[in-house]
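What follows is work20.txt (compact mmCIF, C-alpha atoms).
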```
# COMPACT_ATOMS: atom_id res chain seq x y z
CA MET A 22 13.27 -2.62 -11.66
CA LYS A 23 9.72 -1.40 -12.10
CA GLY A 24 6.73 -2.75 -13.95
CA ARG A 25 2.98 -3.13 -14.11
CA LEU A 26 1.19 -6.46 -14.52
CA GLU A 27 -2.41 -6.75 -15.71
CA GLY A 28 -5.15 -9.34 -15.45
CA ILE A 29 -4.64 -10.48 -11.88
CA SER A 30 -6.50 -10.42 -8.60
CA VAL A 31 -5.38 -10.96 -5.01
CA ARG A 32 -8.21 -13.21 -3.86
CA SER A 33 -7.56 -13.95 -0.21
CA VAL A 34 -4.94 -13.71 2.56
CA ALA A 35 -4.52 -15.78 5.76
CA CYS A 36 -1.90 -15.78 8.52
CA VAL A 37 -1.03 -18.29 11.23
CA VAL A 38 1.23 -17.62 14.24
CA PRO A 39 2.55 -20.16 16.76
CA ARG A 40 0.51 -20.35 19.95
CA LYS A 41 3.56 -20.04 22.21
CA ILE A 42 4.18 -16.52 23.46
CA PHE A 43 7.41 -14.84 24.54
CA ARG A 44 6.93 -11.66 26.57
CA ILE A 45 9.72 -9.16 25.98
CA ALA A 46 9.78 -8.36 29.71
CA GLU A 47 11.07 -11.93 30.20
CA LEU A 48 14.45 -10.68 28.99
CA ALA A 49 14.67 -8.81 32.29
CA PRO A 50 16.78 -11.21 34.37
CA GLU A 51 19.50 -11.09 31.70
CA PHE A 52 19.30 -7.33 31.17
CA PRO A 53 18.33 -4.35 33.39
CA ILE A 54 14.53 -4.04 33.55
CA ARG A 55 14.76 -0.29 32.88
CA GLU A 56 16.57 -0.96 29.64
CA ILE A 57 14.08 -3.61 28.54
CA GLN A 58 11.22 -1.21 29.28
CA LYS A 59 12.91 1.43 27.14
CA ILE A 60 13.16 -1.03 24.24
CA ILE A 61 9.47 -1.90 24.63
CA ASP A 62 8.49 1.79 24.74
CA ASN A 63 10.41 2.50 21.54
CA SER A 64 9.52 -0.60 19.56
CA GLY A 65 5.92 -0.81 20.72
CA ILE A 66 6.42 -4.58 20.95
CA GLU A 67 5.25 -6.22 24.19
CA GLN A 68 5.18 -9.85 23.12
CA VAL A 69 5.87 -12.10 20.15
CA HIS A 70 4.69 -15.56 19.09
CA ILE A 71 7.49 -18.09 18.74
CA ALA A 72 7.50 -21.57 17.23
CA ASP A 73 8.20 -24.60 19.41
CA GLU A 74 11.01 -26.96 18.42
CA ARG A 75 8.82 -29.12 16.20
CA THR A 76 7.09 -26.33 14.27
CA THR A 77 8.72 -24.93 11.14
CA THR A 78 7.84 -22.02 8.88
CA SER A 79 6.34 -24.42 6.35
CA ASP A 80 4.03 -25.85 9.03
CA LEU A 81 2.67 -22.35 9.74
CA CYS A 82 2.31 -21.61 6.01
CA GLU A 83 0.60 -24.96 5.44
CA ARG A 84 -1.96 -24.12 8.17
CA ALA A 85 -2.53 -20.70 6.62
CA ALA A 86 -3.09 -22.35 3.20
CA LEU A 87 -5.53 -24.89 4.66
CA LYS A 88 -7.44 -22.04 6.29
CA LEU A 89 -7.65 -20.30 2.91
CA PHE A 90 -8.87 -23.50 1.26
CA ARG A 91 -11.51 -23.99 3.96
CA GLU A 92 -12.87 -20.46 3.80
CA THR A 93 -12.71 -19.83 0.05
CA GLY A 94 -13.80 -23.31 -1.02
CA ILE A 95 -10.80 -23.58 -3.35
CA SER A 96 -8.71 -26.74 -3.04
CA GLY A 97 -5.05 -27.46 -3.66
CA THR A 98 -5.93 -29.28 -6.89
CA GLU A 99 -7.00 -25.93 -8.36
CA MET A 100 -3.52 -24.39 -7.99
CA ASP A 101 -1.01 -24.49 -10.82
CA GLY A 102 1.71 -22.47 -9.11
CA LEU A 103 3.29 -22.32 -5.66
CA VAL A 104 5.75 -19.71 -4.40
CA PHE A 105 7.42 -20.15 -1.01
CA VAL A 106 9.40 -17.22 0.37
CA SER A 107 11.38 -17.67 3.56
CA GLN A 108 14.80 -17.47 5.19
CA THR A 109 13.95 -20.44 7.38
CA PRO A 110 13.25 -23.34 5.00
CA ASP A 111 12.80 -26.90 6.27
CA TYR A 112 16.08 -28.15 4.76
CA ILE A 113 19.14 -26.83 2.96
CA LEU A 114 17.80 -29.00 0.14
CA PRO A 115 15.32 -29.87 -1.29
CA ALA A 116 13.31 -26.68 -1.72
CA THR A 117 10.43 -26.49 0.78
CA SER A 118 7.98 -25.61 -2.02
CA HIS A 119 8.20 -29.21 -3.29
CA ILE A 120 7.22 -30.55 0.11
CA LEU A 121 4.34 -28.07 0.42
CA GLN A 122 3.11 -28.96 -3.08
CA SER A 123 2.69 -32.57 -2.04
CA LYS A 124 1.27 -31.84 1.43
CA LEU A 125 -1.37 -29.46 0.09
CA GLY A 126 -2.51 -31.72 -2.74
CA ILE A 127 -1.28 -29.34 -5.43
CA PRO A 128 -0.79 -31.18 -8.76
CA GLY A 129 2.72 -32.24 -9.75
CA GLU A 130 2.35 -30.22 -12.96
CA ALA A 131 2.28 -27.00 -10.94
CA PHE A 132 5.29 -24.68 -11.06
CA THR A 133 6.90 -24.48 -7.61
CA VAL A 134 9.76 -22.29 -6.41
CA ASP A 135 11.56 -21.22 -3.21
CA ILE A 136 12.84 -17.68 -2.80
CA ASN A 137 15.23 -16.59 -0.06
CA GLN A 138 14.01 -13.18 1.05
CA GLY A 139 13.11 -11.49 4.32
CA CYS A 140 11.36 -8.26 5.15
CA CYS A 141 10.80 -7.57 1.44
CA GLY A 142 9.70 -11.16 0.81
CA TYR A 143 5.97 -10.55 0.47
CA ILE A 144 6.55 -8.12 -2.39
CA TYR A 145 8.80 -10.70 -4.12
CA ALA A 146 6.13 -13.39 -3.66
CA LEU A 147 3.39 -11.16 -5.09
CA PHE A 148 5.63 -10.22 -8.02
CA ILE A 149 6.48 -13.82 -9.01
CA ALA A 150 2.89 -14.98 -8.50
CA ALA A 151 1.47 -12.04 -10.49
CA LEU A 152 4.06 -12.65 -13.25
CA LEU A 153 3.03 -16.31 -13.51
CA VAL A 154 -0.66 -15.38 -13.77
CA SER A 155 -0.30 -12.27 -15.91
CA SER A 156 1.89 -14.11 -18.43
CA GLY A 157 -0.74 -16.79 -18.85
CA CYS A 158 1.53 -19.53 -17.48
CA CYS A 159 -0.69 -20.09 -14.45
CA ASN A 160 -4.33 -19.55 -13.56
CA ARG A 161 -4.02 -19.54 -9.80
CA VAL A 162 -0.92 -19.31 -7.63
CA LEU A 163 -0.54 -19.96 -3.91
CA ALA A 164 2.08 -17.64 -2.40
CA MET A 165 3.30 -18.73 1.01
CA VAL A 166 5.51 -16.31 2.88
CA GLY A 167 6.83 -16.60 6.40
CA ASP A 168 9.68 -16.99 8.84
CA THR A 169 10.54 -18.50 12.20
CA ILE A 170 13.39 -16.13 13.01
CA SER A 171 13.15 -17.14 16.70
CA LYS A 172 15.15 -20.20 15.63
CA LEU A 173 17.99 -17.90 14.53
CA THR A 174 18.17 -15.54 17.50
CA GLY A 175 20.69 -15.92 20.33
CA PRO A 176 18.77 -16.41 23.60
CA LYS A 177 20.79 -13.60 25.18
CA ASP A 178 20.69 -11.16 22.25
CA ARG A 179 18.17 -8.44 23.08
CA SER A 180 18.90 -6.55 19.82
CA VAL A 181 16.82 -9.11 17.91
CA ARG A 182 15.02 -11.16 20.58
CA ALA A 183 13.08 -8.13 21.76
CA LEU A 184 11.70 -7.61 18.25
CA MET A 185 11.37 -10.77 16.16
CA GLY A 186 8.26 -12.96 16.11
CA ASP A 187 7.27 -15.95 13.94
CA CYS A 188 4.44 -16.18 11.40
CA GLY A 189 3.41 -17.97 8.22
CA SER A 190 1.07 -16.57 5.59
CA ALA A 191 -0.73 -17.76 2.47
CA THR A 192 -2.15 -15.64 -0.36
CA ILE A 193 -4.06 -16.68 -3.47
CA ILE A 194 -3.29 -14.72 -6.65
CA GLU A 195 -5.44 -15.59 -9.66
CA LYS A 196 -6.68 -14.33 -13.00
CA GLY A 197 -8.77 -11.20 -12.59
CA ASP A 198 -9.44 -7.68 -13.76
CA LYS A 199 -6.94 -5.84 -11.55
CA SER A 200 -3.44 -4.59 -12.18
CA ILE A 201 -0.46 -4.42 -9.84
CA SER A 202 2.58 -2.14 -10.05
CA PHE A 203 5.96 -3.09 -8.64
CA CYS A 204 9.21 -1.27 -7.90
CA PHE A 205 12.35 -2.93 -6.57
CA SER A 206 15.71 -1.60 -5.48
CA GLY A 207 18.60 -3.00 -3.50
CA ASP A 208 22.14 -2.47 -2.27
CA GLY A 209 24.06 -5.72 -1.90
CA SER A 210 27.18 -3.90 -0.70
CA ARG A 211 25.55 -3.57 2.72
CA TYR A 212 24.65 -7.27 3.08
CA ARG A 213 26.62 -7.56 6.33
CA SER A 214 24.31 -5.27 8.33
CA LEU A 215 21.63 -7.99 8.57
CA ILE A 216 23.11 -11.47 8.37
CA VAL A 217 23.42 -14.99 9.73
CA PRO A 218 27.15 -15.25 9.00
CA ALA A 219 27.73 -19.00 9.47
CA GLY A 220 26.01 -22.21 8.49
CA GLY A 221 26.09 -21.69 4.70
CA SER A 222 28.93 -22.49 2.31
CA ARG A 223 30.99 -19.33 2.98
CA ASN A 224 31.41 -20.05 6.69
CA PRO A 225 30.28 -23.62 7.23
CA TYR A 226 28.69 -24.87 10.42
CA SER A 227 31.25 -25.96 13.02
CA PRO A 228 31.33 -26.31 16.80
CA GLU A 229 33.19 -22.95 16.87
CA SER A 230 30.83 -21.11 14.56
CA SER A 231 27.82 -22.27 16.58
CA SER A 232 29.14 -21.43 20.05
CA PRO A 233 27.97 -18.06 21.37
CA SER A 234 30.26 -15.29 22.48
CA CYS A 235 29.60 -11.86 23.95
CA GLY A 236 29.49 -9.24 21.20
CA GLU A 237 28.93 -5.48 21.27
CA ASN A 238 26.53 -4.06 23.85
CA GLY A 239 26.58 -7.24 25.91
CA ASN A 240 24.55 -9.31 23.46
CA TRP A 241 25.52 -12.97 23.13
CA ARG A 242 25.32 -14.67 19.76
CA SER A 243 27.04 -17.32 17.65
CA GLY A 244 27.93 -17.30 13.95
CA THR A 245 24.78 -19.24 13.18
CA ASP A 246 22.61 -16.62 14.93
CA LEU A 247 21.08 -13.54 13.33
CA TYR A 248 23.14 -10.36 13.58
CA MET A 249 21.60 -6.94 13.06
CA ASP A 250 23.42 -3.61 12.96
CA GLY A 251 20.53 -1.55 14.29
CA LEU A 252 22.06 1.82 13.43
CA GLU A 253 22.84 0.86 9.82
CA ILE A 254 19.35 -0.57 9.34
CA MET A 255 17.78 2.57 10.78
CA LYS A 256 19.87 4.71 8.42
CA PHE A 257 18.82 2.50 5.51
CA ALA A 258 15.16 3.03 6.46
CA LEU A 259 15.49 6.79 6.98
CA ASN A 260 17.50 7.52 3.86
CA ASP A 261 17.17 4.81 1.21
CA VAL A 262 13.64 3.63 1.95
CA VAL A 263 12.27 7.15 2.25
CA GLU A 264 13.87 8.22 -1.04
CA PHE A 265 12.75 5.03 -2.78
CA VAL A 266 9.12 5.30 -1.65
CA ALA A 267 8.97 9.03 -2.43
CA ALA A 268 10.36 8.39 -5.93
CA THR A 269 7.93 5.51 -6.46
CA LEU A 270 4.94 7.66 -5.53
CA GLU A 271 6.09 10.42 -7.82
CA GLU A 272 6.63 8.02 -10.71
CA GLN A 273 3.25 6.34 -10.31
CA LYS A 274 1.69 9.83 -10.33
CA ILE A 275 -0.62 8.95 -7.46
CA PRO A 276 -1.15 11.72 -4.92
CA ARG A 277 -0.41 10.56 -1.37
CA GLU A 278 -4.02 11.01 -0.22
CA LYS A 279 -5.32 8.78 -3.05
CA ILE A 280 -3.71 5.77 -1.41
CA GLY A 281 -6.13 4.54 1.22
CA LEU A 282 -3.69 2.27 3.01
CA TYR A 283 0.09 2.12 3.26
CA VAL A 284 1.27 -1.16 4.74
CA PHE A 285 4.95 -1.00 5.62
CA HIS A 286 7.06 -3.93 6.71
CA GLN A 287 6.35 -3.87 10.45
CA ALA A 288 9.94 -3.49 11.65
CA ASN A 289 8.78 -1.80 14.84
CA ARG A 290 6.52 1.13 15.77
CA PHE A 291 9.31 3.69 15.88
CA ILE A 292 10.52 2.90 12.35
CA VAL A 293 7.06 2.72 10.75
CA GLU A 294 5.91 5.97 12.36
CA THR A 295 9.14 7.75 11.45
CA LEU A 296 8.83 6.61 7.81
CA ALA A 297 5.23 7.83 7.67
CA LYS A 298 6.26 11.18 9.13
CA LEU A 299 9.23 11.69 6.80
CA LEU A 300 7.13 10.76 3.77
CA GLY A 301 4.29 13.04 4.82
CA LEU A 302 1.70 10.25 4.89
CA PRO A 303 -1.54 10.54 6.84
CA LEU A 304 -0.87 8.47 10.01
CA GLY A 305 -4.41 7.08 9.96
CA ASN A 306 -3.61 5.32 6.69
CA VAL A 307 -0.42 3.74 8.02
CA PRO A 308 -1.25 0.82 10.32
CA VAL A 309 1.21 -0.27 13.01
CA GLU A 310 0.52 -3.85 14.10
CA VAL A 311 3.39 -4.92 16.31
CA THR A 312 2.28 -4.81 19.96
CA ASP A 313 1.49 -8.50 20.40
CA VAL A 314 3.16 -10.04 17.34
CA GLY A 315 6.44 -8.13 16.91
CA ASN A 316 8.44 -7.93 13.69
CA THR A 317 7.51 -11.10 11.79
CA SER A 318 10.03 -10.59 8.99
CA SER A 319 8.66 -11.65 5.57
CA ALA A 320 5.15 -12.24 6.98
CA SER A 321 4.77 -8.82 8.58
CA ILE A 322 2.93 -7.21 5.64
CA PRO A 323 0.26 -9.94 5.21
CA LEU A 324 -0.04 -10.11 9.01
CA ALA A 325 -0.59 -6.35 9.23
CA LEU A 326 -3.17 -6.68 6.42
CA VAL A 327 -5.22 -9.37 8.16
CA ARG A 328 -4.95 -7.62 11.51
CA THR A 329 -6.08 -4.31 10.04
CA LEU A 330 -8.71 -5.67 7.65
CA GLY A 331 -9.59 -9.15 8.98
CA LYS A 332 -13.27 -10.06 9.29
CA ASN A 333 -14.16 -8.40 12.56
CA ARG A 334 -11.83 -5.44 12.27
CA GLY A 335 -12.48 -3.98 8.85
CA LYS A 336 -16.13 -3.16 9.57
CA ASP A 337 -15.52 -0.49 12.20
CA HIS A 338 -13.11 1.43 10.01
CA PRO A 339 -14.10 1.04 6.38
CA ARG A 340 -11.16 1.90 4.15
CA ASP A 341 -10.76 2.62 0.49
CA LEU A 342 -8.51 -0.16 -0.74
CA THR A 343 -8.67 0.57 -4.47
CA ASN A 344 -5.12 1.91 -4.17
CA THR A 345 -3.23 0.01 -1.49
CA MET A 346 0.53 0.33 -1.23
CA LEU A 347 2.67 -2.40 0.31
CA ILE A 348 6.25 -1.52 1.21
CA GLY A 349 8.93 -4.07 2.12
CA PHE A 350 12.50 -3.24 3.15
CA GLY A 351 15.34 -4.96 4.95
CA VAL A 352 17.75 -7.85 4.51
CA GLY A 353 19.85 -7.71 1.35
CA LEU A 354 19.61 -4.80 1.74
CA SER A 355 16.48 -4.55 -0.36
CA CYS A 356 13.41 -2.44 -0.93
CA GLY A 357 10.22 -3.27 -2.83
CA THR A 358 6.75 -1.81 -3.26
CA ALA A 359 3.51 -3.05 -4.74
CA ILE A 360 0.46 -0.91 -5.49
CA THR A 361 -2.79 -2.70 -6.26
CA ASP A 362 -6.53 -2.84 -5.68
CA LEU A 363 -7.36 -4.97 -2.64
CA SER A 364 -11.00 -3.85 -2.33
CA GLU A 365 -12.32 -7.30 -3.26
CA THR A 366 -9.68 -9.30 -1.38
CA VAL A 367 -10.87 -11.42 1.55
CA PHE A 368 -8.73 -11.08 4.68
CA LEU A 369 -9.13 -13.90 7.19
CA GLU A 370 -8.64 -13.56 10.93
CA MET A 371 -5.22 -14.46 12.30
CA GLU A 372 -5.12 -17.98 13.74
CA GLU A 373 -2.82 -19.70 16.24
CA TYR A 374 -1.18 -23.11 15.83
CA PRO A 375 -1.16 -25.70 17.27
CA MET B 18 23.59 26.24 19.26
CA ASP B 19 20.04 25.15 18.62
CA LYS B 20 18.25 24.71 21.94
CA ALA B 21 16.15 21.92 20.45
CA PHE B 22 19.41 20.07 19.91
CA ILE B 23 20.49 20.06 23.57
CA ASP B 24 16.92 19.40 24.72
CA LYS B 25 16.72 16.37 22.47
CA ILE B 26 20.01 14.90 23.64
CA ALA B 27 18.84 15.41 27.23
CA GLU B 28 15.53 13.72 26.39
CA ILE B 29 17.25 10.80 24.69
CA CYS B 30 19.61 10.36 27.66
CA GLU B 31 16.82 10.94 30.17
CA VAL B 32 18.59 13.79 31.98
CA LYS B 33 17.79 17.49 32.53
CA SER B 34 18.84 19.90 29.75
CA GLN B 35 20.73 22.03 32.28
CA SER B 36 23.03 19.11 33.07
CA ILE B 37 24.31 18.99 29.48
CA GLU B 38 26.96 21.34 28.12
CA LEU B 39 28.83 21.46 24.86
CA ASP B 40 31.89 19.78 26.30
CA THR B 41 30.02 17.08 28.17
CA PRO B 42 31.74 13.82 27.17
CA LEU B 43 29.23 11.39 25.73
CA SER B 44 30.87 8.66 27.81
CA THR B 45 29.60 10.34 30.99
CA LEU B 46 26.00 10.20 29.78
CA GLN B 47 24.87 6.88 31.16
CA ASN B 48 22.08 6.38 28.65
CA TRP B 49 24.06 7.31 25.55
CA ASP B 50 23.93 3.76 24.18
CA SER B 51 23.19 2.09 20.85
CA MET B 52 19.47 2.83 21.15
CA ALA B 53 20.24 6.47 21.92
CA THR B 54 22.38 6.82 18.80
CA VAL B 55 19.54 5.39 16.71
CA ALA B 56 17.14 7.90 18.29
CA PHE B 57 19.68 10.67 17.61
CA VAL B 58 20.02 9.73 13.93
CA VAL B 59 16.23 9.82 13.58
CA PHE B 60 16.09 13.21 15.32
CA VAL B 61 18.63 14.92 13.02
CA LYS B 62 16.90 13.42 9.98
CA THR B 63 13.43 14.62 11.00
CA GLN B 64 14.56 17.97 12.46
CA TYR B 65 17.28 19.05 10.01
CA ASP B 66 16.86 16.58 7.08
CA ILE B 67 20.43 15.42 7.54
CA ASN B 68 21.91 11.96 7.02
CA LEU B 69 24.72 11.39 9.52
CA SER B 70 27.29 8.69 8.84
CA GLY B 71 27.85 5.90 11.33
CA MET B 72 31.56 6.77 11.31
CA ALA B 73 30.93 10.38 12.34
CA LEU B 74 28.81 9.14 15.24
CA ARG B 75 31.37 6.62 16.41
CA LYS B 76 34.11 9.29 16.31
CA ALA B 77 32.14 11.83 18.33
CA ASN B 78 33.41 12.18 21.91
CA THR B 79 31.41 15.17 23.14
CA VAL B 80 28.08 16.87 22.56
CA ARG B 81 30.05 19.53 20.67
CA ASP B 82 31.32 16.89 18.22
CA LEU B 83 27.74 15.86 17.49
CA TRP B 84 26.68 19.48 16.93
CA THR B 85 29.72 20.11 14.68
CA ASN B 86 28.74 17.12 12.55
CA VAL B 87 25.22 18.44 12.15
CA GLN B 88 26.44 21.96 11.32
CA GLU B 89 28.91 20.71 8.72
CA LYS B 90 26.17 18.72 7.05
CA MET B 91 23.79 21.71 7.12
CA GLU B 92 26.42 23.93 5.48
CA GLY B 93 27.02 21.17 2.93
CA ALA B 94 23.29 21.14 2.19
CA GLU B 95 23.32 24.89 1.51
CA THR B 96 26.07 24.47 -1.06
CA GLY B 97 24.26 21.54 -2.62
CA GLU B 98 26.38 18.74 -1.21
CA ARG B 99 23.77 17.18 1.00
CA LYS B 100 24.07 13.72 -0.48
CA ALA B 101 27.81 13.48 0.19
```
Can the structure in the file be given as structure tokens, please?
Amino acid sequence: MKGRLEGISVRSVACVVPRKIFRIAELAPEFPIREIQKIIDNSGIEQVHIADERTTTSDLCERAALKLFRETGISGTEMDGLVFVSQTPDYILPATSHILQSKLGIPGEAFTVDINQGCCGYIYALFIAALLVSSGCCNRVLAMVGDTISKLTGPKDRSVRALMGDCGSATIIEKGDKSISFCFSGDGSRYRSLIVPAGGSRNPYSPESSSPSCGENGNWRSGTDLYMDGLEIMKFALNDVVEFVAATLEEQKIPREKIGLYVFHQANRFIVETLAKLLGLPLGNVPVEVTDVGNTSSASIPLALVRTLGKNRGKDHPRDLTNTMLIGFGVGLSCGTAITDLSETVFLEMEEYP
Amino acid sequence: MDKAFIDKIAEICEVKSQSIELDTPLSTLQNWDSMATVAFVVFVKTQYDINLSGMALRKANTVRDLWTNVQEKMEGAETGERKA
């Protein structure tokens, strides 16, 4: 699918990470230190923030929304739409967006919706929010996107524990004079390469499905833990994502150098740099923000935005944001891009909670 | 054989190039692990613009098998079958 929506503006973006830190080197007693160091060297990830037992994704997103309200002077009562994108909702039902609507003082008349998406989730959130505004159904939509994947990783599974961090984000999309172009693509036949196999209806939760066993490469995980086929995901990035982004750029008829900032899903440094290289993008326009936050799944694009452009960072390196490209890819498997003008968007500094 | 090819496998496995020959079994290379295969896939994509299948990689027993895979794909590319 591809399309262009008019009459919108991305007003402001905020991100909140849990205060608790997990240093990747702490995996060392379980695995050889040399091997852990090699992972760190490749991924560029030294530490991640992980939620404590009581903190959920919606708590982080709520904090991010409250920060937005505080700093923009807009209140929940001025929202008429709420989009929540996550793979780690509070409950199987009801939808978390209902709970957030009430907590944030958003009127009951507002349209609220949950979407189950991961690394591409921010693009989905922007698309639904922009659709609601562009169509005239809503004036101002709060898009909250985040994940606490640490709750889904086996404690002795370095294939995901060495990469995944938690984060919640909030973005206000409202009526404005900007346009935003979207492209989406997916391949559901490869859904097994990134999956939590048990705990849903297909393979229900059971004592067996939740007890860990030693899988390939000495990683321990249970059916209710996240499984990632690293090689398949890398091939998806190298082949499908590269082709998709190249085709999107060609179609939009925007020369590569006209895009001032390319924000990829921050899978890890190796993947983002390889994508930039294969696509022939100027490395200076492709931020990599993983060292102390890791791969934060659906929140990685807004987190990279605030870390690259947040209050005290943007000044030193002024960038032309009139054409900014956001690129999500991952679970599904799915791919999505958004190109829009973020030159008037306010990016707030990342905050920790509690 | 492309020297860059052997050099890269040596680099990925953190051994000297001289210690690797065509018939070196991959199982004897201590660091030929899942991360190494990912690095290898990225290398052949960036160096030769080739997409290797996971199956071909799993079936490879020696350095020669890896090189044969790459060569077959390169010949395929010349005859316009790169996307196979």
Distance cut-off 12 Å, counting all atoms listed in the file - which residues of chain B neighbour chain A? Return them as a PDB file with C-alpha atoms, in the frame of the given file.
```
ATOM      1  CA  ILE B  29      17.250  10.800  24.690  1.00  0.00           C
ATOM      2  CA  CYS B  30      19.610  10.360  27.660  1.00  0.00           C
ATOM      3  CA  GLU B  31      16.820  10.940  30.170  1.00  0.00           C
ATOM      4  CA  GLN B  47      24.870   6.880  31.160  1.00  0.00           C
ATOM      5  CA  ASN B  48      22.080   6.380  28.650  1.00  0.00           C
ATOM      6  CA  TRP B  49      24.060   7.310  25.550  1.00  0.00           C
ATOM      7  CA  ASP B  50      23.930   3.760  24.180  1.00  0.00           C
ATOM      8  CA  SER B  51      23.190   2.090  20.850  1.00  0.00           C
ATOM      9  CA  MET B  52      19.470   2.830  21.150  1.00  0.00           C
ATOM     10  CA  ALA B  53      20.240   6.470  21.920  1.00  0.00           C
ATOM     11  CA  THR B  54      22.380   6.820  18.800  1.00  0.00           C
ATOM     12  CA  VAL B  55      19.540   5.390  16.710  1.00  0.00           C
ATOM     13  CA  ALA B  56      17.140   7.900  18.290  1.00  0.00           C
ATOM     14  CA  PHE B  57      19.680  10.670  17.610  1.00  0.00           C
ATOM     15  CA  VAL B  58      20.020   9.730  13.930  1.00  0.00           C
ATOM     16  CA  VAL B  59      16.230   9.820  13.580  1.00  0.00           C
ATOM     17  CA  PHE B  60      16.090  13.210  15.320  1.00  0.00           C
ATOM     18  CA  VAL B  61      18.630  14.920  13.020  1.00  0.00           C
ATOM     19  CA  LYS B  62      16.900  13.420   9.980  1.00  0.00           C
ATOM     20  CA  THR B  63      13.430  14.620  11.000  1.00  0.00           C
ATOM     21  CA  GLN B  64      14.560  17.970  12.460  1.00  0.00           C
ATOM     22  CA  TYR B  65      17.280  19.050  10.010  1.00  0.00           C
ATOM     23  CA  ASP B  66      16.860  16.580   7.080  1.00  0.00           C
ATOM     24  CA  ILE B  67      20.430  15.420   7.540  1.00  0.00           C
ATOM     25  CA  ASN B  68      21.910  11.960   7.020  1.00  0.00           C
ATOM     26  CA  LEU B  69      24.720  11.390   9.520  1.00  0.00           C
ATOM     27  CA  SER B  70      27.290   8.690   8.840  1.00  0.00           C
ATOM     28  CA  GLY B  71      27.850   5.900  11.330  1.00  0.00           C
ATOM     29  CA  MET B  72      31.560   6.770  11.310  1.00  0.00           C
ATOM     30  CA  LEU B  74      28.810   9.140  15.240  1.00  0.00           C
ATOM     31  CA  ARG B  75      31.370   6.620  16.410  1.00  0.00           C
ATOM     32  CA  ARG B  99      23.770  17.180   1.000  1.00  0.00           C
ATOM     33  CA  LYS B 100      24.070  13.720  -0.480  1.00  0.00           C
TER      34      LYS B 100
END
```
Point to revise | For Ser202 in chain A, the nearest of the candidates A:Phe148, A:Ser96, A:Arg290, A:Gly331, counting all atoms listed in the file | key: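 Comparing A:Phe148, A:Ser96, A:Arg290, A:Gly331 against Ser202 in chain A, the winner is A:Phe148.
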Practice item. Name the residues in contact with Asp19 in chain B at a cut-off of 12 Å, using all atoms listed in the file, excluding same-chain residues fewer than 2 positions from it; report them as an MDAnalysis selection string. Key: chainID B and resid 21:26 39 61 64:65 81 84:85 87:88
For the residues selected in the previous step, produce a file with C-alpha atoms as a PDB file, keeping the file's coordinate frame.
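What follows is the written file result-v7.pdb:
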```
ATOM      1  CA  ALA B  21      16.150  21.920  20.450  1.00  0.00           C
ATOM      2  CA  PHE B  22      19.410  20.070  19.910  1.00  0.00           C
ATOM      3  CA  ILE B  23      20.490  20.060  23.570  1.00  0.00           C
ATOM      4  CA  ASP B  24      16.920  19.400  24.720  1.00  0.00           C
ATOM      5  CA  LYS B  25      16.720  16.370  22.470  1.00  0.00           C
ATOM      6  CA  ILE B  26      20.010  14.900  23.640  1.00  0.00           C
ATOM      7  CA  LEU B  39      28.830  21.460  24.860  1.00  0.00           C
ATOM      8  CA  VAL B  61      18.630  14.920  13.020  1.00  0.00           C
ATOM      9  CA  GLN B  64      14.560  17.970  12.460  1.00  0.00           C
ATOM     10  CA  TYR B  65      17.280  19.050  10.010  1.00  0.00           C
ATOM     11  CA  ARG B  81      30.050  19.530  20.670  1.00  0.00           C
ATOM     12  CA  TRP B  84      26.680  19.480  16.930  1.00  0.00           C
ATOM     13  CA  THR B  85      29.720  20.110  14.680  1.00  0.00           C
ATOM     14  CA  VAL B  87      25.220  18.440  12.150  1.00  0.00           C
ATOM     15  CA  GLN B  88      26.440  21.960  11.320  1.00  0.00           C
TER      16      GLN B  88
END
```
Contacts of range 113-117 of chain A at 9 Å (only C-alpha atoms; same-chain gap of 6+ positions) as a PDB file with C-alpha atoms, in the coordinates of the input:
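Produced file part.pdb, reproduced below:
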```
ATOM      1  CA  SER A  79       6.340 -24.420   6.350  1.00  0.00           C
ATOM      2  CA  PHE A 105       7.420 -20.150  -1.010  1.00  0.00           C
ATOM      3  CA  THR A 133       6.900 -24.480  -7.610  1.00  0.00           C
ATOM      4  CA  VAL A 134       9.760 -22.290  -6.410  1.00  0.00           C
ATOM      5  CA  ASP A 135      11.560 -21.220  -3.210  1.00  0.00           C
ATOM      6  CA  GLY A 221      26.090 -21.690   4.700  1.00  0.00           C
TER       7      GLY A 221
END
```
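As for CA of Gly28 in chain A and CA of Arg161 in chain A, they are spaced 11.7 Å apart.
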Review point. At what distance in Å, to one decimal, does CA of Val106 in chain A lie from CA of Gly139 in chain A?
Key: 7.9 Å
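Reported to one decimal place, the separation of CA of Asp246 in chain A from CA of Ser318 in chain A is 15.2 Å.
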**Study point:** Protein and nucleic acid residues near (-11.6, -13.8, -9.3) (cut-off 8 Å, all atoms listed in the file) as a VMD selection string
**Key:** chain A and resid 30 32 195 to 198
Please produce a file of the residues just selected, as a compact mmCIF listing (two decimals), in the coordinates of the input, where the atoms kept are C-alpha atoms.
```txt
# COMPACT_ATOMS: atom_id res chain seq x y z
CA SER A 30 -6.50 -10.42 -8.60
CA ARG A 32 -8.21 -13.21 -3.86
CA GLU A 195 -5.44 -15.59 -9.66
CA LYS A 196 -6.68 -14.33 -13.00
CA GLY A 197 -8.77 -11.20 -12.59
CA ASP A 198 -9.44 -7.68 -13.76
```
Point to revise | Distance query range 39-43 of chain A at most 12 Å, only C-alpha atoms, self and fewer than 4 positions along chain excluded, as a count of residues only | key: 44
Can you build me a table of range 116-222 of chain A residues sitting at most 10 Å from range 279-287 of chain A, with the closest atom pair per residue and its distance in Å to one decimal, using only C-alpha atoms, sorted by chain and residue number, as CSV?
```
residue,atom,partner,partner_atom,distance
A:Gly139,CA,A:His286,CA,10.0
A:Cys140,CA,A:His286,CA,6.3
A:Cys141,CA,A:His286,CA,7.4
A:Gly142,CA,A:His286,CA,9.7
A:Tyr143,CA,A:His286,CA,9.2
```
